[in-house]
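A.B. asks: Take a look at work33.tsv, TSV, N, CA and C atoms:
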chain	number	residue	atom	x	y	z
Z	1	MET	N	-24.92	-15.09	33.30
Z	1	MET	CA	-23.96	-14.01	33.13
Z	1	MET	C	-23.04	-14.32	31.96
Z	2	ARG	N	-22.87	-13.36	31.06
Z	2	ARG	CA	-22.03	-13.54	29.88
Z	2	ARG	C	-20.57	-13.28	30.23
Z	3	ARG	N	-19.71	-14.01	29.56
Z	3	ARG	CA	-18.27	-13.81	29.72
Z	3	ARG	C	-17.80	-12.71	28.77
Z	4	ALA	N	-16.66	-12.13	29.09
Z	4	ALA	CA	-16.04	-11.18	28.18
Z	4	ALA	C	-15.58	-11.93	26.93
Z	5	GLY	N	-15.48	-11.21	25.82
Z	5	GLY	CA	-15.08	-11.83	24.57
Z	5	GLY	C	-13.78	-12.61	24.70
Z	6	GLY	N	-13.79	-13.85	24.28
Z	6	GLY	CA	-12.60	-14.69	24.33
Z	6	GLY	C	-12.37	-15.39	25.65
Z	7	ALA	N	-13.13	-15.06	26.67
Z	7	ALA	CA	-12.91	-15.65	27.99
Z	7	ALA	C	-13.21	-17.15	27.99
Z	8	LEU	N	-14.30	-17.54	27.35
Z	8	LEU	CA	-14.64	-18.96	27.30
Z	8	LEU	C	-13.59	-19.73	26.51
Z	9	GLU	N	-13.15	-19.15	25.41
Z	9	GLU	CA	-12.11	-19.80	24.61
Z	9	GLU	C	-10.85	-19.98	25.45
Z	10	SER	N	-10.48	-18.99	26.23
Z	10	SER	CA	-9.30	-19.08	27.09
Z	10	SER	C	-9.47	-20.16	28.15
Z	11	GLU	N	-10.66	-20.24	28.73
Z	11	GLU	CA	-10.93	-21.28	29.73
Z	11	GLU	C	-10.82	-22.67	29.12
Z	12	VAL	N	-11.39	-22.82	27.94
Z	12	VAL	CA	-11.37	-24.12	27.26
Z	12	VAL	C	-9.93	-24.50	26.91
Z	13	LEU	N	-9.17	-23.54	26.41
Z	13	LEU	CA	-7.79	-23.81	26.04
Z	13	LEU	C	-6.97	-24.23	27.26
Z	14	ALA	N	-7.13	-23.51	28.37
Z	14	ALA	CA	-6.42	-23.86	29.60
Z	14	ALA	C	-6.81	-25.26	30.07
Z	15	LEU	N	-8.08	-25.58	29.98
Z	15	LEU	CA	-8.56	-26.90	30.37
Z	15	LEU	C	-7.93	-27.99	29.51
Z	16	LEU	N	-7.90	-27.78	28.20
Z	16	LEU	CA	-7.32	-28.77	27.30
Z	16	LEU	C	-5.82	-28.91	27.51
Z	17	GLN	N	-5.14	-27.79	27.78
Z	17	GLN	CA	-3.70	-27.86	28.00
Z	17	GLN	C	-3.35	-28.59	29.29
Z	18	SER	N	-4.23	-28.54	30.26
Z	18	SER	CA	-3.96	-29.22	31.54
Z	18	SER	C	-4.37	-30.69	31.51
Z	19	SER	N	-5.06	-31.10	30.47
Z	19	SER	CA	-5.54	-32.48	30.38
Z	19	SER	C	-4.45	-33.39	29.80
Z	20	ARG	N	-4.40	-34.60	30.30
Z	20	ARG	CA	-3.42	-35.57	29.79
Z	20	ARG	C	-3.89	-36.26	28.51
Z	21	GLN	N	-5.15	-36.04	28.17
Z	21	GLN	CA	-5.70	-36.70	26.98
Z	21	GLN	C	-6.63	-35.75	26.24
Z	22	ALA	N	-6.93	-36.09	25.01
Z	22	ALA	CA	-7.89	-35.32	24.23
Z	22	ALA	C	-9.25	-35.41	24.89
Z	23	LEU	N	-10.02	-34.32	24.79
Z	23	LEU	CA	-11.34	-34.28	25.43
Z	23	LEU	C	-12.43	-34.05	24.40
Z	24	THR	N	-13.56	-34.71	24.61
Z	24	THR	CA	-14.74	-34.50	23.78
Z	24	THR	C	-15.48	-33.26	24.30
Z	25	PRO	N	-16.40	-32.71	23.51
Z	25	PRO	CA	-17.19	-31.58	24.00
Z	25	PRO	C	-17.91	-31.90	25.32
Z	26	GLY	N	-18.44	-33.10	25.45
Z	26	GLY	CA	-19.12	-33.49	26.68
Z	26	GLY	C	-18.19	-33.47	27.88
Z	27	GLU	N	-16.96	-33.95	27.69
Z	27	GLU	CA	-15.98	-33.95	28.77
Z	27	GLU	C	-15.56	-32.52	29.13
Z	28	VAL	N	-15.41	-31.67	28.11
Z	28	VAL	CA	-15.09	-30.26	28.37
Z	28	VAL	C	-16.21	-29.62	29.17
Z	29	LEU	N	-17.44	-29.85	28.73
Z	29	LEU	CA	-18.60	-29.28	29.43
Z	29	LEU	C	-18.64	-29.74	30.88
Z	30	GLN	N	-18.42	-31.02	31.10
Z	30	GLN	CA	-18.45	-31.57	32.46
Z	30	GLN	C	-17.36	-30.95	33.33
Z	31	ARG	N	-16.16	-30.79	32.78
Z	31	ARG	CA	-15.04	-30.25	33.57
Z	31	ARG	C	-15.16	-28.75	33.81
Z	32	LEU	N	-15.82	-28.05	32.90
Z	32	LEU	CA	-16.03	-26.62	33.12
Z	32	LEU	C	-17.00	-26.40	34.27
Z	33	GLY	N	-17.89	-27.37	34.49
Z	33	GLY	CA	-18.85	-27.27	35.58
Z	33	GLY	C	-19.67	-26.00	35.52
Z	34	ASP	N	-20.14	-25.68	34.36
Z	34	ASP	CA	-20.81	-24.41	34.13
Z	34	ASP	C	-22.22	-24.66	33.62
Z	35	ASP	N	-22.97	-23.61	33.46
Z	35	ASP	CA	-24.33	-23.71	32.94
Z	35	ASP	C	-24.36	-23.48	31.43
Z	36	LEU	N	-23.34	-23.95	30.75
Z	36	LEU	CA	-23.27	-23.79	29.30
Z	36	LEU	C	-24.09	-24.86	28.60
Z	37	ALA	N	-24.52	-24.54	27.41
Z	37	ALA	CA	-25.18	-25.53	26.57
Z	37	ALA	C	-24.12	-26.36	25.86
Z	38	TYR	N	-24.42	-27.61	25.62
Z	38	TYR	CA	-23.51	-28.50	24.90
Z	38	TYR	C	-23.17	-27.88	23.55
Z	39	SER	N	-24.16	-27.32	22.87
Z	39	SER	CA	-23.93	-26.74	21.55
Z	39	SER	C	-22.96	-25.56	21.61
Z	40	THR	N	-22.95	-24.83	22.71
Z	40	THR	CA	-22.01	-23.72	22.88
Z	40	THR	C	-20.58	-24.25	22.93
Z	41	VAL	N	-20.38	-25.32	23.68
Z	41	VAL	CA	-19.05	-25.92	23.79
Z	41	VAL	C	-18.61	-26.46	22.43
Z	42	VAL	N	-19.49	-27.12	21.72
Z	42	VAL	CA	-19.16	-27.63	20.39
Z	42	VAL	C	-18.76	-26.48	19.46
Z	43	THR	N	-19.51	-25.39	19.51
Z	43	THR	CA	-19.22	-24.23	18.67
Z	43	THR	C	-17.85	-23.64	19.00
Z	44	VAL	N	-17.55	-23.48	20.28
Z	44	VAL	CA	-16.26	-22.92	20.69
Z	44	VAL	C	-15.12	-23.83	20.24
Z	45	LEU	N	-15.26	-25.13	20.46
Z	45	LEU	CA	-14.22	-26.07	20.04
Z	45	LEU	C	-14.04	-26.06	18.53
Z	46	SER	N	-15.13	-26.02	17.79
Z	46	SER	CA	-15.05	-26.00	16.32
Z	46	SER	C	-14.35	-24.74	15.82
Z	47	ARG	N	-14.68	-23.62	16.43
Z	47	ARG	CA	-14.03	-22.36	16.02
Z	47	ARG	C	-12.54	-22.37	16.35
Z	48	MET	N	-12.20	-22.91	17.50
Z	48	MET	CA	-10.79	-23.00	17.87
Z	48	MET	C	-10.04	-23.94	16.93
Z	49	PHE	N	-10.69	-25.02	16.50
Z	49	PHE	CA	-10.11	-25.93	15.52
Z	49	PHE	C	-9.90	-25.19	14.20
Z	50	ASP	N	-10.90	-24.43	13.76
Z	50	ASP	CA	-10.80	-23.67	12.52
Z	50	ASP	C	-9.69	-22.62	12.56
Z	51	LYS	N	-9.40	-22.09	13.76
Z	51	LYS	CA	-8.33	-21.10	13.93
Z	51	LYS	C	-6.95	-21.75	13.98
Z	52	GLY	N	-6.91	-23.08	14.01
Z	52	GLY	CA	-5.64	-23.78	14.08
Z	52	GLY	C	-5.09	-23.92	15.49
Z	53	LEU	N	-5.93	-23.67	16.49
Z	53	LEU	CA	-5.47	-23.80	17.88
Z	53	LEU	C	-5.56	-25.22	18.40
Z	54	LEU	N	-6.43	-26.02	17.79
Z	54	LEU	CA	-6.68	-27.38	18.25
Z	54	LEU	C	-6.58	-28.37	17.10
Z	55	THR	N	-6.27	-29.61	17.45
Z	55	THR	CA	-6.42	-30.72	16.52
Z	55	THR	C	-7.58	-31.56	17.06
Z	56	ARG	N	-8.11	-32.41	16.21
Z	56	ARG	CA	-9.20	-33.27	16.68
Z	56	ARG	C	-9.11	-34.63	16.02
Z	57	SER	N	-9.62	-35.62	16.74
Z	57	SER	CA	-9.68	-36.98	16.21
Z	57	SER	C	-11.01	-37.56	16.62
Z	58	LYS	N	-11.49	-38.47	15.80
Z	58	LYS	CA	-12.79	-39.07	16.05
Z	58	LYS	C	-12.71	-39.99	17.26
Z	59	ARG	N	-13.66	-39.84	18.16
Z	59	ARG	CA	-13.80	-40.75	19.30
Z	59	ARG	C	-15.28	-41.07	19.42
Z	60	GLY	N	-15.64	-42.26	18.97
Z	60	GLY	CA	-17.05	-42.63	18.94
Z	60	GLY	C	-17.79	-41.74	17.95
Z	61	ARG	N	-18.87	-41.12	18.42
Z	61	ARG	CA	-19.66	-40.25	17.54
Z	61	ARG	C	-19.22	-38.79	17.63
Z	62	ALA	N	-18.27	-38.51	18.51
Z	62	ALA	CA	-17.83	-37.12	18.70
Z	62	ALA	C	-16.36	-36.98	18.32
Z	63	TYR	N	-15.89	-35.75	18.30
Z	63	TYR	CA	-14.47	-35.49	18.15
Z	63	TYR	C	-13.87	-35.26	19.53
Z	64	ALA	N	-12.60	-35.63	19.68
Z	64	ALA	CA	-11.84	-35.32	20.88
Z	64	ALA	C	-10.77	-34.31	20.48
Z	65	TYR	N	-10.60	-33.27	21.27
Z	65	TYR	CA	-9.75	-32.13	20.92
Z	65	TYR	C	-8.51	-32.05	21.80
Z	66	THR	N	-7.40	-31.63	21.20
Z	66	THR	CA	-6.16	-31.35	21.91
Z	66	THR	C	-5.57	-30.06	21.36
Z	67	PRO	N	-4.86	-29.30	22.20
Z	67	PRO	CA	-4.21	-28.08	21.71
Z	67	PRO	C	-3.03	-28.45	20.81
Z	68	VAL	N	-2.75	-27.61	19.82
Z	68	VAL	CA	-1.64	-27.88	18.91
Z	68	VAL	C	-0.30	-27.56	19.56
Z	69	ASP	N	-0.32	-26.77	20.62
Z	69	ASP	CA	0.93	-26.34	21.24
Z	69	ASP	C	0.67	-25.97	22.69
Z	70	ASP	N	1.75	-25.74	23.42
Z	70	ASP	CA	1.60	-25.26	24.80
Z	70	ASP	C	1.35	-23.75	24.79
Z	71	THR	N	1.21	-23.17	25.96
Z	71	THR	CA	0.90	-21.74	26.08
Z	71	THR	C	1.92	-20.87	25.37
Z	72	HIS	N	3.19	-21.18	25.55
Z	72	HIS	CA	4.25	-20.37	24.94
Z	72	HIS	C	4.25	-20.52	23.41
Z	73	GLY	N	4.02	-21.72	22.95
Z	73	GLY	CA	3.96	-21.95	21.51
Z	73	GLY	C	2.78	-21.23	20.87
Z	74	LEU	N	1.65	-21.20	21.56
Z	74	LEU	CA	0.49	-20.49	21.03
Z	74	LEU	C	0.72	-18.98	21.00
Z	75	ALA	N	1.40	-18.46	22.03
Z	75	ALA	CA	1.72	-17.02	22.04
Z	75	ALA	C	2.65	-16.70	20.88
Z	76	ALA	N	3.64	-17.54	20.65
Z	76	ALA	CA	4.56	-17.33	19.52
Z	76	ALA	C	3.83	-17.41	18.19
Z	77	ARG	N	2.87	-18.33	18.09
Z	77	ARG	CA	2.08	-18.47	16.86
Z	77	ARG	C	1.27	-17.19	16.61
Z	78	ARG	N	0.67	-16.62	17.67
Z	78	ARG	CA	-0.10	-15.38	17.52
Z	78	ARG	C	0.80	-14.23	17.09
Z	79	MET	N	2.00	-14.16	17.67
Z	79	MET	CA	2.95	-13.11	17.29
Z	79	MET	C	3.32	-13.23	15.81
Z	80	ARG	N	3.56	-14.46	15.38
Z	80	ARG	CA	3.90	-14.71	13.97
Z	80	ARG	C	2.75	-14.33	13.05
Z	81	GLN	N	1.52	-14.64	13.45
Z	81	GLN	CA	0.35	-14.30	12.64
Z	81	GLN	C	0.20	-12.79	12.50
Z	82	VAL	N	0.45	-12.06	13.59
Z	82	VAL	CA	0.37	-10.60	13.53
Z	82	VAL	C	1.44	-10.06	12.59
Z	83	LEU	N	2.64	-10.58	12.71
Z	83	LEU	CA	3.73	-10.14	11.82
Z	83	LEU	C	3.39	-10.42	10.37
Z	84	GLU	N	2.87	-11.60	10.09
Z	84	GLU	CA	2.56	-11.98	8.72
Z	84	GLU	C	1.34	-11.26	8.16
Z	85	SER	N	0.55	-10.65	9.02
Z	85	SER	CA	-0.64	-9.95	8.54
Z	85	SER	C	-0.32	-8.56	7.97
Z	86	ASP	N	0.89	-8.08	8.21
Z	86	ASP	CA	1.31	-6.77	7.70
Z	86	ASP	C	2.39	-6.98	6.64
Z	87	PRO	N	2.24	-6.41	5.46
Z	87	PRO	CA	3.24	-6.65	4.40
Z	87	PRO	C	4.61	-6.03	4.72
Z	88	ASP	N	4.65	-5.04	5.61
Z	88	ASP	CA	5.93	-4.40	5.94
Z	88	ASP	C	6.48	-5.00	7.24
Z	89	HIS	N	7.07	-6.19	7.11
Z	89	HIS	CA	7.59	-6.90	8.28
Z	89	HIS	C	8.64	-6.07	9.01
Z	90	GLU	N	9.48	-5.38	8.25
Z	90	GLU	CA	10.54	-4.60	8.88
Z	90	GLU	C	9.96	-3.53	9.82
Z	91	ALA	N	8.95	-2.81	9.36
Z	91	ALA	CA	8.35	-1.76	10.18
Z	91	ALA	C	7.73	-2.35	11.46
Z	92	VAL	N	7.07	-3.49	11.33
Z	92	VAL	CA	6.46	-4.13	12.50
Z	92	VAL	C	7.55	-4.55	13.48
Z	93	LEU	N	8.62	-5.17	12.97
Z	93	LEU	CA	9.69	-5.62	13.86
Z	93	LEU	C	10.41	-4.45	14.52
Z	94	VAL	N	10.63	-3.38	13.76
Z	94	VAL	CA	11.28	-2.20	14.34
Z	94	VAL	C	10.44	-1.66	15.49
Z	95	ARG	N	9.14	-1.52	15.28
Z	95	ARG	CA	8.27	-1.01	16.36
Z	95	ARG	C	8.25	-1.96	17.54
Z	96	PHE	N	8.25	-3.25	17.25
Z	96	PHE	CA	8.24	-4.24	18.33
Z	96	PHE	C	9.49	-4.10	19.19
Z	97	VAL	N	10.64	-4.03	18.55
Z	97	VAL	CA	11.91	-3.94	19.28
Z	97	VAL	C	12.01	-2.61	20.03
Z	98	GLU	N	11.52	-1.54	19.43
Z	98	GLU	CA	11.55	-0.24	20.10
Z	98	GLU	C	10.76	-0.25	21.41
Z	99	ASP	N	9.72	-1.06	21.46
Z	99	ASP	CA	8.87	-1.11	22.65
Z	99	ASP	C	9.32	-2.13	23.71
Z	100	LEU	N	10.37	-2.89	23.42
Z	100	LEU	CA	10.85	-3.88	24.38
Z	100	LEU	C	11.55	-3.20	25.55
Z	101	SER	N	11.46	-3.82	26.70
Z	101	SER	CA	12.27	-3.37	27.83
Z	101	SER	C	13.73	-3.69	27.53
Z	102	ALA	N	14.64	-3.05	28.23
Z	102	ALA	CA	16.07	-3.30	28.02
Z	102	ALA	C	16.41	-4.77	28.27
Z	103	GLN	N	15.77	-5.34	29.29
Z	103	GLN	CA	16.01	-6.75	29.62
Z	103	GLN	C	15.53	-7.67	28.50
Z	104	ASP	N	14.33	-7.41	27.97
Z	104	ASP	CA	13.81	-8.24	26.88
Z	104	ASP	C	14.63	-8.05	25.60
Z	105	GLU	N	15.09	-6.83	25.36
Z	105	GLU	CA	15.94	-6.59	24.19
Z	105	GLU	C	17.24	-7.38	24.31
Z	106	GLN	N	17.82	-7.39	25.50
Z	106	GLN	CA	19.05	-8.15	25.75
Z	106	GLN	C	18.81	-9.65	25.51
Z	107	LEU	N	17.69	-10.15	26.00
Z	107	LEU	CA	17.35	-11.56	25.81
Z	107	LEU	C	17.19	-11.87	24.33
Z	108	LEU	N	16.50	-11.00	23.61
Z	108	LEU	CA	16.31	-11.21	22.17
Z	108	LEU	C	17.66	-11.23	21.45
Z	109	ARG	N	18.54	-10.33	21.82
Z	109	ARG	CA	19.88	-10.30	21.20
Z	109	ARG	C	20.63	-11.61	21.48
Z	110	GLN	N	20.50	-12.12	22.71
Z	110	GLN	CA	21.15	-13.39	23.04
Z	110	GLN	C	20.57	-14.52	22.20
Z	111	LEU	N	19.26	-14.54	22.07
Z	111	LEU	CA	18.61	-15.59	21.29
Z	111	LEU	C	19.01	-15.54	19.82
Z	112	LEU	N	19.25	-14.32	19.34
Z	112	LEU	CA	19.65	-14.15	17.94
Z	112	LEU	C	21.15	-14.34	17.75
Z	113	GLY	N	21.90	-14.51	18.85
Z	113	GLY	CA	23.32	-14.76	18.77
Z	113	GLY	C	24.17	-13.52	18.66
Z	114	ASP	N	23.61	-12.32	18.89
Z	114	ASP	CA	24.37	-11.08	18.78
Z	114	ASP	C	25.22	-10.81	20.02
Z	115	VAL	N	24.81	-11.34	21.15
Z	115	VAL	CA	25.49	-11.07	22.40
Z	115	VAL	C	25.76	-12.40	23.07
Z	116	PRO	N	26.98	-12.62	23.55
Z	116	PRO	CA	27.23	-13.88	24.25
Z	116	PRO	C	26.36	-14.01	25.49
Z	117	ASP	N	26.00	-15.22	25.81
Z	117	ASP	CA	25.19	-15.51	26.99
Z	117	ASP	C	25.97	-15.10	28.23
Z	118	GLN	N	25.36	-14.26	29.08
Z	118	GLN	CA	26.05	-13.74	30.27
Z	118	GLN	C	25.48	-14.33	31.54
Z	119	ARG	N	24.96	-15.52	31.48
Z	119	ARG	CA	24.39	-16.14	32.68
Z	119	ARG	C	25.42	-16.74	33.55
So, in terms of structure tokens, how does the structure I just supplied come out?
C.D. replies:
Amino acid sequence: MRRAGGALESEVLALLQSSRQALTPGEVLQRLGDDLAYSTVVTVLSRMFDKGLLTRSKRGRAYAYTPVDDTHGLAARRMRQVLESDPDHEAVLVRFVEDLSAQDEQLLRQLLGDVPDQR
């Protein structure tokens, strides 16, 4: 059975984020406990490395992979990439803020220092 697009990448990322150490493709394959081919895992890890989601270091004859950031950092990185992909940053930010809930807008204002912290 095939996974939805990006599902395997998400599984691998979650696995790496929960690991205390860098993992080789073989270790990822073993922990996924799936019927995947080793080459599939290598391909997914390589693509994630190319996207800047992972770092890697040589361990024996293979690479061992670790995520560059935690879940929140990766979400922030994706948001930044989307913003940087459009030359009109102001328009993107305006639309983003317009779509925020009142609570999220308040939080953003606090983070930007516009409103004193009311906690």
A.B. asks: Extract the full set of alpha helix (DSSP H) residues from chain Z according to DSSP on the backbone, and format it as a PyMOL selection string.
C.D. replies: chain Z and resi 7-18+25-32+38-50+71-84+89-98+102-112
A.B. asks: Using only C-alpha atoms, which of Z:Ala75, Z:Leu107, Z:Val68, Z:Val97 sits nearest Met48 in chain Z?
C.D. replies: Z:Val68
A.B. asks: Measuring atom to atom with all atoms listed in the file, identify which of Z:Glu105, Z:Ala91, Z:Gln30, Z:Gln17 is nearest to Asp69 in chain Z.
C.D. replies: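 Ranking Z:Glu105, Z:Ala91, Z:Gln30, Z:Gln17 by distance to Asp69 in chain Z, first place goes to Z:Gln17.
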A.B. asks: Please compute the atom C of Asp104 in chain Z-CA of Leu53 in chain Z distance, one decimal, in Å.
C.D. replies: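 Atom C of Asp104 in chain Z sits 26.7 Å away from CA of Leu53 in chain Z.
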A.B. asks: Give the answer as one residue: which of Z:Ala14, Z:Leu108, Z:Glu98, Z:Gln21 has the shortest atom-to-atom distance to Thr66 in chain Z, using only C-alpha atoms?
C.D. replies: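 Of all the options, Z:Gln21 lies closest to Thr66 in chain Z.
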A.B. asks: Got a sec to tell me which of chain Z DSSP assigns to strand (DSSP E), as a PyMOL selection string?
C.D. replies: chain Z and resi 54-59+62-67
A.B. asks: One decimal, in Å: what's the spacing between CA of Leu54 in chain Z and CA of Val12 in chain Z?
C.D. replies: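 Separation of CA of Leu54 in chain Z and CA of Val12 in chain Z: 10.7 Å.
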A.B. asks: How many Å lie between CA of Gly26 in chain Z and atom C of Ala7 in chain Z, rounded to one decimal?
C.D. replies: 17.4 Å
A.B. asks: Using 5 Å of padding on each side, determine the axis-aligned box around all atoms of range 43-56 of chain Z present in the file and give its centre and edge lengths in Å to one decimal, as lines of an AutoDock Vina configuration file.
C.D. replies:
center_x = -12.3
center_y = -27.9
center_z = 16.6
size_x = 24.4
size_y = 23.5
size_z = 18.2
A.B. asks: Select, from Z:Ser39, Z:Gln106, Z:Thr71, Z:Gln81, the residue with the minimum atom-to-atom distance to Ser10 in chain Z, counting only C-alpha atoms.
C.D. replies: Z:Thr71
